[in-house]
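Source file: target.pdb; contents: PDB, C-alpha atoms, pLDDT in the B column.
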```pdb
ATOM      1  CA  THR A 382      30.074   7.538   0.150  1.00 50.00           C
ATOM      2  CA  LEU A 383      29.413   8.334   3.792  1.00 48.00           C
ATOM      3  CA  SER A 384      31.947   5.778   5.028  1.00 55.00           C
ATOM      4  CA  TYR A 385      34.635   7.288   2.793  1.00 52.00           C
ATOM      5  CA  ILE A 386      33.957  10.779   4.161  1.00 49.00           C
ATOM      6  CA  GLU A 387      34.071   9.448   7.712  1.00 56.00           C
ATOM      7  CA  CYS A 388      37.500   8.014   6.883  1.00 55.00           C
ATOM      8  CA  LEU A 389      38.646  11.459   5.693  1.00 51.00           C
ATOM      9  CA  LEU A 390      37.379  13.015   8.920  1.00 53.00           C
ATOM     10  CA  ASN A 391      39.384  10.539  10.974  1.00 60.00           C
ATOM     11  CA  GLN A 392      42.496  11.296   8.931  1.00 55.00           C
ATOM     12  CA  ALA A 393      41.953  15.016   9.431  1.00 53.00           C
ATOM     13  CA  LYS A 394      41.739  14.560  13.181  1.00 55.00           C
ATOM     14  CA  THR A 395      45.149  12.870  13.214  1.00 58.00           C
ATOM     15  CA  GLY A 396      46.693  15.563  10.990  1.00 56.00           C
ATOM     16  CA  GLY A 397      47.036  13.282   7.985  1.00 53.00           C
ATOM     17  CA  TYR A 398      44.570  15.047   5.746  1.00 49.00           C
ATOM     18  CA  GLU A 399      43.547  18.647   5.047  1.00 55.00           C
ATOM     19  CA  MET A 400      39.762  19.012   5.195  1.00 53.00           C
ATOM     20  CA  PRO A 401      38.129  20.454   2.032  1.00 57.00           C
ATOM     21  CA  GLU A 402      36.077  23.619   2.455  1.00 59.00           C
ATOM     22  CA  ASN A 403      32.853  21.963   1.253  1.00 57.00           C
ATOM     23  CA  ILE A 404      33.035  19.028   3.672  1.00 53.00           C
ATOM     24  CA  GLY A 405      29.630  19.911   5.181  1.00 56.00           C
ATOM     25  CA  GLU A 406      27.959  19.772   1.788  1.00 56.00           C
ATOM     26  CA  MET A 407      29.727  16.488   1.019  1.00 50.00           C
ATOM     27  CA  ILE A 408      28.454  14.938   4.254  1.00 46.00           C
ATOM     28  CA  ASN A 409      24.859  16.031   3.631  1.00 50.00           C
ATOM     29  CA  THR A 410      24.923  14.716   0.066  1.00 47.00           C
ATOM     30  CA  ALA A 411      26.389  11.402   1.214  1.00 43.00           C
ATOM     31  CA  ARG A 412      23.731  11.040   3.906  1.00 47.00           C
ATOM     32  CA  GLU A 413      20.935  11.724   1.422  1.00 46.00           C
ATOM     33  CA  TYR A 414      22.433   9.212  -1.011  1.00 44.00           C
ATOM     34  CA  SER A 415      22.763   6.588   1.711  1.00 45.00           C
ATOM     35  CA  ALA A 416      19.158   7.091   2.865  1.00 40.00           C
ATOM     36  CA  GLN A 417      17.889   6.893  -0.700  1.00 45.00           C
ATOM     37  CA  ASN A 418      19.764   3.640  -1.361  1.00 44.00           C
ATOM     38  CA  SER A 419      18.459   2.160   1.887  1.00 48.00           C
ATOM     39  CA  ASP A 420      14.885   3.108   0.971  1.00 52.00           C
ATOM     40  CA  GLU A 421      15.185   1.666  -2.531  1.00 58.00           C
ATOM     41  CA  ALA A 422      16.571  -1.574  -1.110  1.00 78.00           C
ATOM     42  CA  THR A 423      13.590  -1.947   1.224  1.00 91.00           C
ATOM     43  CA  PHE A 424      10.429  -0.605  -0.414  1.00 93.00           C
ATOM     44  CA  ASP A 425       8.635  -1.149  -3.690  1.00 95.00           C
ATOM     45  CA  ASP A 426       8.639   2.059  -5.746  1.00 93.00           C
ATOM     46  CA  LEU A 427       5.014   1.846  -6.839  1.00 95.00           C
ATOM     47  CA  THR A 428       3.173   0.658  -3.726  1.00 95.00           C
ATOM     48  CA  ARG A 429       5.613   1.666  -0.958  1.00 94.00           C
ATOM     49  CA  LEU A 430       5.133  -1.770   0.582  1.00 96.00           C
ATOM     50  CA  HIS A 431       8.218  -3.868   1.313  1.00 96.00           C
ATOM     51  CA  ASN A 432       9.720  -5.181  -1.900  1.00 96.00           C
ATOM     52  CA  ARG A 433      10.177  -8.906  -2.523  1.00 95.00           C
ATOM     53  CA  ARG A 434      13.684  -9.128  -1.061  1.00 95.00           C
ATOM     54  CA  SER A 435      12.763  -7.138   2.037  1.00 95.00           C
ATOM     55  CA  ILE A 436       9.543  -9.050   2.812  1.00 96.00           C
ATOM     56  CA  GLU A 437      11.325 -12.373   2.335  1.00 96.00           C
ATOM     57  CA  ARG A 438      14.068 -11.272   4.722  1.00 94.00           C
ATOM     58  CA  ILE A 439      11.413 -10.346   7.277  1.00 94.00           C
ATOM     59  CA  GLY A 440       9.591 -13.614   6.684  1.00 95.00           C
ATOM     60  CA  TYR A 441      12.657 -15.773   7.291  1.00 93.00           C
ATOM     61  CA  ARG A 442      13.483 -13.796  10.410  1.00 91.00           C
ATOM     62  CA  GLU A 443       9.993 -14.090  11.854  1.00 91.00           C
ATOM     63  CA  SER A 444       9.718 -17.796  11.070  1.00 90.00           C
ATOM     64  CA  ASP A 445      13.054 -18.556  12.733  1.00 85.00           C
ATOM     65  CA  ARG A 446      12.296 -20.527  15.909  1.00 69.00           C
ATOM     66  CA  ARG A 447      15.282 -18.898  17.631  1.00 56.00           C
ATOM     67  CA  TYR A 448      13.823 -15.461  16.996  1.00 62.00           C
ATOM     68  CA  ASN A 449      10.115 -16.153  17.326  1.00 62.00           C
ATOM     69  CA  SER A 450       8.921 -19.238  19.205  1.00 63.00           C
ATOM     70  CA  ARG A 451       5.267 -18.130  19.235  1.00 71.00           C
ATOM     71  CA  GLY A 452       4.542 -18.811  15.598  1.00 84.00           C
ATOM     72  CA  VAL A 453       3.994 -16.867  12.424  1.00 94.00           C
ATOM     73  CA  SER A 454       1.415 -16.814   9.620  1.00 96.00           C
ATOM     74  CA  ILE A 455       1.687 -15.920   5.954  1.00 97.00           C
ATOM     75  CA  ILE A 456      -1.094 -14.603   3.727  1.00 98.00           C
ATOM     76  CA  TYR A 457      -0.325 -14.834   0.014  1.00 98.00           C
ATOM     77  CA  LEU A 458      -2.649 -12.737  -2.184  1.00 98.00           C
ATOM     78  CA  ASP A 459      -3.200 -12.344  -5.898  1.00 98.00           C
ATOM     79  CA  LEU A 460      -5.567  -9.770  -7.414  1.00 96.00           C
ATOM     80  CA  ASP A 461      -8.419 -11.130  -9.555  1.00 96.00           C
ATOM     81  CA  GLY A 462      -9.394  -9.149 -12.634  1.00 93.00           C
ATOM     82  CA  PHE A 463      -6.269  -7.016 -12.652  1.00 93.00           C
ATOM     83  CA  LYS A 464      -5.321  -7.895 -16.234  1.00 92.00           C
ATOM     84  CA  ALA A 465      -8.653  -6.536 -17.479  1.00 90.00           C
ATOM     85  CA  ILE A 466      -7.870  -3.141 -15.978  1.00 89.00           C
ATOM     86  CA  ASN A 467      -4.523  -3.028 -17.771  1.00 87.00           C
ATOM     87  CA  ASP A 468      -6.041  -4.243 -21.058  1.00 88.00           C
ATOM     88  CA  ARG A 469      -9.316  -2.263 -21.109  1.00 85.00           C
ATOM     89  CA  GLU A 470      -8.184   0.955 -19.450  1.00 84.00           C
ATOM     90  CA  SER A 471      -4.428   1.484 -19.224  1.00 85.00           C
ATOM     91  CA  HIS A 472      -1.297   0.497 -17.357  1.00 88.00           C
ATOM     92  CA  ALA A 473      -1.624   3.761 -15.446  1.00 88.00           C
ATOM     93  CA  ALA A 474      -5.063   2.612 -14.268  1.00 87.00           C
ATOM     94  CA  GLY A 475      -3.511  -0.699 -13.267  1.00 90.00           C
ATOM     95  CA  ASP A 476      -0.874   1.133 -11.256  1.00 92.00           C
ATOM     96  CA  ARG A 477      -3.582   3.117  -9.492  1.00 90.00           C
ATOM     97  CA  ALA A 478      -5.368  -0.115  -8.601  1.00 91.00           C
ATOM     98  CA  LEU A 479      -2.172  -1.588  -7.165  1.00 93.00           C
ATOM     99  CA  ARG A 480      -1.526   1.528  -5.099  1.00 93.00           C
ATOM    100  CA  ALA A 481      -5.114   1.552  -3.838  1.00 92.00           C
ATOM    101  CA  PHE A 482      -4.906  -2.067  -2.730  1.00 94.00           C
ATOM    102  CA  ALA A 483      -1.542  -1.422  -1.088  1.00 95.00           C
ATOM    103  CA  ARG A 484      -2.976   1.486   0.902  1.00 93.00           C
ATOM    104  CA  VAL A 485      -5.796  -0.708   2.194  1.00 94.00           C
ATOM    105  CA  MET A 486      -3.322  -3.453   3.031  1.00 96.00           C
ATOM    106  CA  LYS A 487      -1.065  -1.072   4.952  1.00 95.00           C
ATOM    107  CA  SER A 488      -4.012   0.364   6.842  1.00 94.00           C
ATOM    108  CA  VAL A 489      -5.241  -3.062   7.978  1.00 96.00           C
ATOM    109  CA  LEU A 490      -1.813  -4.491   8.817  1.00 95.00           C
ATOM    110  CA  ARG A 491      -0.692  -1.377  10.703  1.00 87.00           C
ATOM    111  CA  SER A 492      -3.033  -2.233  13.583  1.00 76.00           C
ATOM    112  CA  THR A 493      -1.672  -5.783  13.892  1.00 78.00           C
ATOM    113  CA  ASP A 494       2.106  -5.163  13.866  1.00 83.00           C
ATOM    114  CA  ALA A 495       2.281  -7.191  10.670  1.00 93.00           C
ATOM    115  CA  TYR A 496       4.319  -6.600   7.511  1.00 96.00           C
ATOM    116  CA  GLY A 497       3.032  -6.158   3.977  1.00 97.00           C
ATOM    117  CA  GLY A 498       5.029  -6.684   0.820  1.00 97.00           C
ATOM    118  CA  ARG A 499       4.646  -6.818  -2.941  1.00 97.00           C
ATOM    119  CA  ALA A 500       5.855 -10.140  -4.277  1.00 96.00           C
ATOM    120  CA  GLY A 501       5.759  -8.872  -7.840  1.00 94.00           C
ATOM    121  CA  GLY A 502       3.115  -7.925 -10.399  1.00 94.00           C
ATOM    122  CA  ASP A 503      -0.278  -8.137  -8.705  1.00 97.00           C
ATOM    123  CA  GLU A 504       0.836 -10.544  -5.964  1.00 98.00           C
ATOM    124  CA  PHE A 505       1.264  -9.529  -2.324  1.00 98.00           C
ATOM    125  CA  ILE A 506       2.466 -11.124   0.912  1.00 98.00           C
ATOM    126  CA  ALA A 507       1.547 -10.381   4.513  1.00 98.00           C
ATOM    127  CA  VAL A 508       3.808 -11.658   7.299  1.00 97.00           C
ATOM    128  CA  LEU A 509       2.008 -11.859  10.651  1.00 96.00           C
ATOM    129  CA  PRO A 510       4.288 -12.499  13.660  1.00 93.00           C
ATOM    130  CA  ASP A 511       2.836 -14.100  16.788  1.00 90.00           C
ATOM    131  CA  THR A 512      -0.274 -15.064  14.847  1.00 92.00           C
ATOM    132  CA  ASP A 513      -1.927 -18.465  14.460  1.00 92.00           C
ATOM    133  CA  THR A 514      -4.264 -19.609  11.693  1.00 94.00           C
ATOM    134  CA  GLU A 515      -7.358 -18.236  13.392  1.00 94.00           C
ATOM    135  CA  GLY A 516      -5.749 -14.844  13.914  1.00 94.00           C
ATOM    136  CA  ALA A 517      -4.543 -14.720  10.303  1.00 96.00           C
ATOM    137  CA  SER A 518      -8.047 -15.548   9.078  1.00 97.00           C
ATOM    138  CA  LEU A 519      -9.443 -12.623  11.071  1.00 96.00           C
ATOM    139  CA  VAL A 520      -6.864 -10.270   9.548  1.00 97.00           C
ATOM    140  CA  GLU A 521      -7.675 -11.535   6.055  1.00 98.00           C
ATOM    141  CA  ASP A 522     -11.381 -10.987   6.682  1.00 97.00           C
ATOM    142  CA  ARG A 523     -10.753  -7.385   7.764  1.00 97.00           C
ATOM    143  CA  LEU A 524      -8.615  -6.827   4.682  1.00 97.00           C
ATOM    144  CA  ARG A 525     -11.291  -8.200   2.364  1.00 97.00           C
ATOM    145  CA  LYS A 526     -14.028  -6.055   3.898  1.00 97.00           C
ATOM    146  CA  ALA A 527     -11.832  -2.943   3.831  1.00 95.00           C
ATOM    147  CA  PHE A 528     -10.947  -3.517   0.179  1.00 95.00           C
ATOM    148  CA  GLU A 529     -14.580  -4.072  -0.827  1.00 94.00           C
ATOM    149  CA  HIS A 530     -15.567  -0.891   1.012  1.00 93.00           C
ATOM    150  CA  ARG A 531     -12.919   1.153  -0.778  1.00 91.00           C
ATOM    151  CA  LYS A 532     -13.893  -0.342  -4.132  1.00 89.00           C
ATOM    152  CA  SER A 533     -17.592   0.397  -3.631  1.00 88.00           C
ATOM    153  CA  ARG A 534     -16.806   4.012  -2.725  1.00 84.00           C
ATOM    154  CA  TYR A 535     -14.699   4.393  -5.873  1.00 78.00           C
ATOM    155  CA  LEU A 536     -17.442   2.931  -8.084  1.00 76.00           C
ATOM    156  CA  GLN A 537     -20.040   5.173  -6.468  1.00 77.00           C
ATOM    157  CA  VAL A 538     -17.997   8.276  -7.229  1.00 71.00           C
ATOM    158  CA  LEU A 539     -17.339   7.018 -10.749  1.00 63.00           C
ATOM    159  CA  GLY A 540     -21.053   6.394 -11.312  1.00 64.00           C
ATOM    160  CA  ASN A 541     -21.980   9.852 -10.059  1.00 63.00           C
ATOM    161  CA  ARG A 542     -19.504  11.511 -12.403  1.00 63.00           C
ATOM    162  CA  PHE A 543     -20.213   9.329 -15.448  1.00 55.00           C
ATOM    163  CA  PRO A 544     -23.731   7.889 -15.104  1.00 57.00           C
ATOM    164  CA  ASP A 545     -23.790   6.641 -18.715  1.00 53.00           C
ATOM    165  CA  ALA A 546     -20.313   5.115 -18.643  1.00 52.00           C
ATOM    166  CA  VAL A 547     -19.701   1.448 -19.432  1.00 49.00           C
ATOM    167  CA  LEU A 548     -19.165  -0.634 -16.288  1.00 54.00           C
ATOM    168  CA  SER A 549     -15.589  -0.266 -15.094  1.00 67.00           C
ATOM    169  CA  PRO A 550     -13.442  -3.427 -14.867  1.00 73.00           C
ATOM    170  CA  VAL A 551     -12.717  -2.301 -11.304  1.00 79.00           C
ATOM    171  CA  GLU A 552     -16.185  -3.703 -10.516  1.00 83.00           C
ATOM    172  CA  LYS A 553     -14.776  -7.213 -10.888  1.00 85.00           C
ATOM    173  CA  LEU A 554     -11.509  -6.542  -9.076  1.00 92.00           C
ATOM    174  CA  SER A 555     -11.076  -8.816  -6.049  1.00 95.00           C
ATOM    175  CA  TYR A 556      -8.362 -11.063  -4.676  1.00 97.00           C
ATOM    176  CA  SER A 557      -7.661 -14.701  -3.978  1.00 98.00           C
ATOM    177  CA  ALA A 558      -5.633 -15.648  -0.921  1.00 98.00           C
ATOM    178  CA  GLY A 559      -3.952 -18.542   0.812  1.00 98.00           C
ATOM    179  CA  ILE A 560      -2.999 -18.731   4.493  1.00 98.00           C
ATOM    180  CA  ALA A 561      -0.258 -20.892   6.009  1.00 97.00           C
ATOM    181  CA  SER A 562       0.890 -20.894   9.634  1.00 95.00           C
ATOM    182  CA  SER A 563       3.664 -22.412  11.707  1.00 92.00           C
ATOM    183  CA  ASP A 564       4.551 -22.664  15.390  1.00 85.00           C
ATOM    184  CA  GLY A 565       8.239 -22.721  14.551  1.00 78.00           C
ATOM    185  CA  GLY A 566       8.576 -25.948  12.570  1.00 83.00           C
ATOM    186  CA  LYS A 567       8.512 -24.368   9.104  1.00 90.00           C
ATOM    187  CA  ASP A 568      10.601 -21.644   7.581  1.00 92.00           C
ATOM    188  CA  PHE A 569       9.283 -18.821   5.443  1.00 95.00           C
ATOM    189  CA  GLY A 570      10.096 -20.594   2.188  1.00 95.00           C
ATOM    190  CA  GLN A 571       7.877 -23.540   3.051  1.00 95.00           C
ATOM    191  CA  LEU A 572       5.094 -21.309   4.381  1.00 96.00           C
ATOM    192  CA  LYS A 573       5.139 -19.222   1.217  1.00 97.00           C
ATOM    193  CA  ARG A 574       4.954 -22.301  -1.002  1.00 97.00           C
ATOM    194  CA  GLU A 575       2.008 -23.652   0.986  1.00 98.00           C
ATOM    195  CA  ALA A 576       0.146 -20.331   1.001  1.00 98.00           C
ATOM    196  CA  ASP A 577       0.836 -19.833  -2.721  1.00 98.00           C
ATOM    197  CA  ALA A 578      -0.505 -23.320  -3.525  1.00 98.00           C
ATOM    198  CA  ALA A 579      -3.630 -22.670  -1.443  1.00 98.00           C
ATOM    199  CA  MET A 580      -4.153 -19.360  -3.230  1.00 98.00           C
ATOM    200  CA  TYR A 581      -3.823 -21.078  -6.619  1.00 97.00           C
ATOM    201  CA  LYS A 582      -6.571 -23.548  -5.674  1.00 97.00           C
ATOM    202  CA  VAL A 583      -8.844 -20.606  -4.949  1.00 98.00           C
ATOM    203  CA  LYS A 584      -7.983 -19.199  -8.377  1.00 97.00           C
ATOM    204  CA  ILE A 585      -9.018 -22.329 -10.240  1.00 96.00           C
ATOM    205  CA  ASN A 586     -12.168 -22.809  -8.134  1.00 96.00           C
ATOM    206  CA  GLY A 587     -13.824 -19.475  -8.741  1.00 95.00           C
ATOM    207  CA  LYS A 588     -11.498 -16.805  -7.248  1.00 96.00           C
ATOM    208  CA  ASN A 589     -12.401 -14.100  -4.715  1.00 96.00           C
ATOM    209  CA  ASP A 590     -11.981 -16.343  -1.681  1.00 97.00           C
ATOM    210  CA  VAL A 591      -9.395 -17.609   0.796  1.00 98.00           C
ATOM    211  CA  ALA A 592      -8.044 -21.085   1.515  1.00 98.00           C
ATOM    212  CA  VAL A 593      -6.318 -22.082   4.744  1.00 98.00           C
ATOM    213  CA  VAL A 594      -3.575 -24.700   4.824  1.00 96.00           C
ATOM    214  CA  SER A 595      -4.377 -27.307   7.458  1.00 81.00           C
ATOM    215  CA  ASP A 596      -1.522 -28.485   9.698  1.00 66.00           C
TER     216      ASP A 596
END
```

Encoded form (structure tokens):
Amino acid sequence: TLSYIECLLNQAKTGGYEMPENIGEMINTAREYSAQNSDEATFDDLTRLHNRRSIERIGYRESDRRYNSRGVSIIYLDLDGFKAINDRESHAAGDRALRAFARVMKSVLRSTDAYGGRAGGDEFIAVLPDTDTEGASLVEDRLRKAFEHRKSRYLQVLGNRFPDAVLSPVEKLSYSAGIASSDGGKDFGQLKREADAAMYKVKINGKNDVAVVSD
């Protein structure tokens, strides 16, 4: 590892170790390995959003009153109709749908200094620092419109290429969401539970909508 090589370098400086001839190559390899491990520990392989552990770490940090006294909001999202894409088309098509949604999510959140993560499967989390309920609702609205725009463009291209094709299950792909906010009195765990519960209510009441947790 890189720390081990650094130890060898220190020993060499004090005359306690003879440096190998390929030390430069060893250092470069160790740096690449370290960067790769750091990337894998932070980002989801498929979507390149933060993975569950990373987004939860960010969420707890941002909801810590000592770190952020101006509040934080959580948006918990679950894709509607995703199972049909996996079942009727393929898992590869499902992966493409997840990546497409992730790209839209990153694009929208990038302008708000927020963080996006994949909670697992077809569930996603957005952590919005310095954002109240109203601000989080505006972000969610932009995300929904951006996703619908991207979906309509995809279906238009698909229809032009295959005018006689059976309607794609992507047509019914949408998402349900729950929003929870705190001014410093709740940690990320509580916010996530509240947002998840709100999202579930949307699921059982027709899907493709958002519910906001009232304080």

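Protein and nucleic acid residues near (1.3, -0.8, 3.4) are Phe424, Thr428, Arg429, Leu430, His431, Arg480, Ala481, Phe482, Ala483, Arg484, Val485, Met486, Lys487, Ser488, Val489, Leu490, Arg491, Ala495, Tyr496, Gly497, Gly498, Arg499 and Ala507 of chain A, the criterion being any atom at most 10 Å away using all atoms listed in the file.
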
Store the residues picked out above, limited to C-alpha atoms, as a compact mmCIF listing (two decimals), in the frame of the given file.
```txt
# COMPACT_ATOMS: atom_id res chain seq x y z
CA PHE A 424 10.43 -0.60 -0.41
CA THR A 428 3.17 0.66 -3.73
CA ARG A 429 5.61 1.67 -0.96
CA LEU A 430 5.13 -1.77 0.58
CA HIS A 431 8.22 -3.87 1.31
CA ARG A 480 -1.53 1.53 -5.10
CA ALA A 481 -5.11 1.55 -3.84
CA PHE A 482 -4.91 -2.07 -2.73
CA ALA A 483 -1.54 -1.42 -1.09
CA ARG A 484 -2.98 1.49 0.90
CA VAL A 485 -5.80 -0.71 2.19
CA MET A 486 -3.32 -3.45 3.03
CA LYS A 487 -1.06 -1.07 4.95
CA SER A 488 -4.01 0.36 6.84
CA VAL A 489 -5.24 -3.06 7.98
CA LEU A 490 -1.81 -4.49 8.82
CA ARG A 491 -0.69 -1.38 10.70
CA ALA A 495 2.28 -7.19 10.67
CA TYR A 496 4.32 -6.60 7.51
CA GLY A 497 3.03 -6.16 3.98
CA GLY A 498 5.03 -6.68 0.82
CA ARG A 499 4.65 -6.82 -2.94
CA ALA A 507 1.55 -10.38 4.51
```

Picked residues, the PyMOL selection byres ((chain A and resi 572) around 10), expected as a ChimeraX atom specification = /A:440-441,444,453-457,560-563,567-571,573-578,594

request  = Let me know the residues the PyMOL selection byres ((chain A and resi 522) around 12) catches in the file above, as a ChimeraX atom specification.
outcome  = /A:456,486,489-490,515-521,523-529,556-558,560,589-592
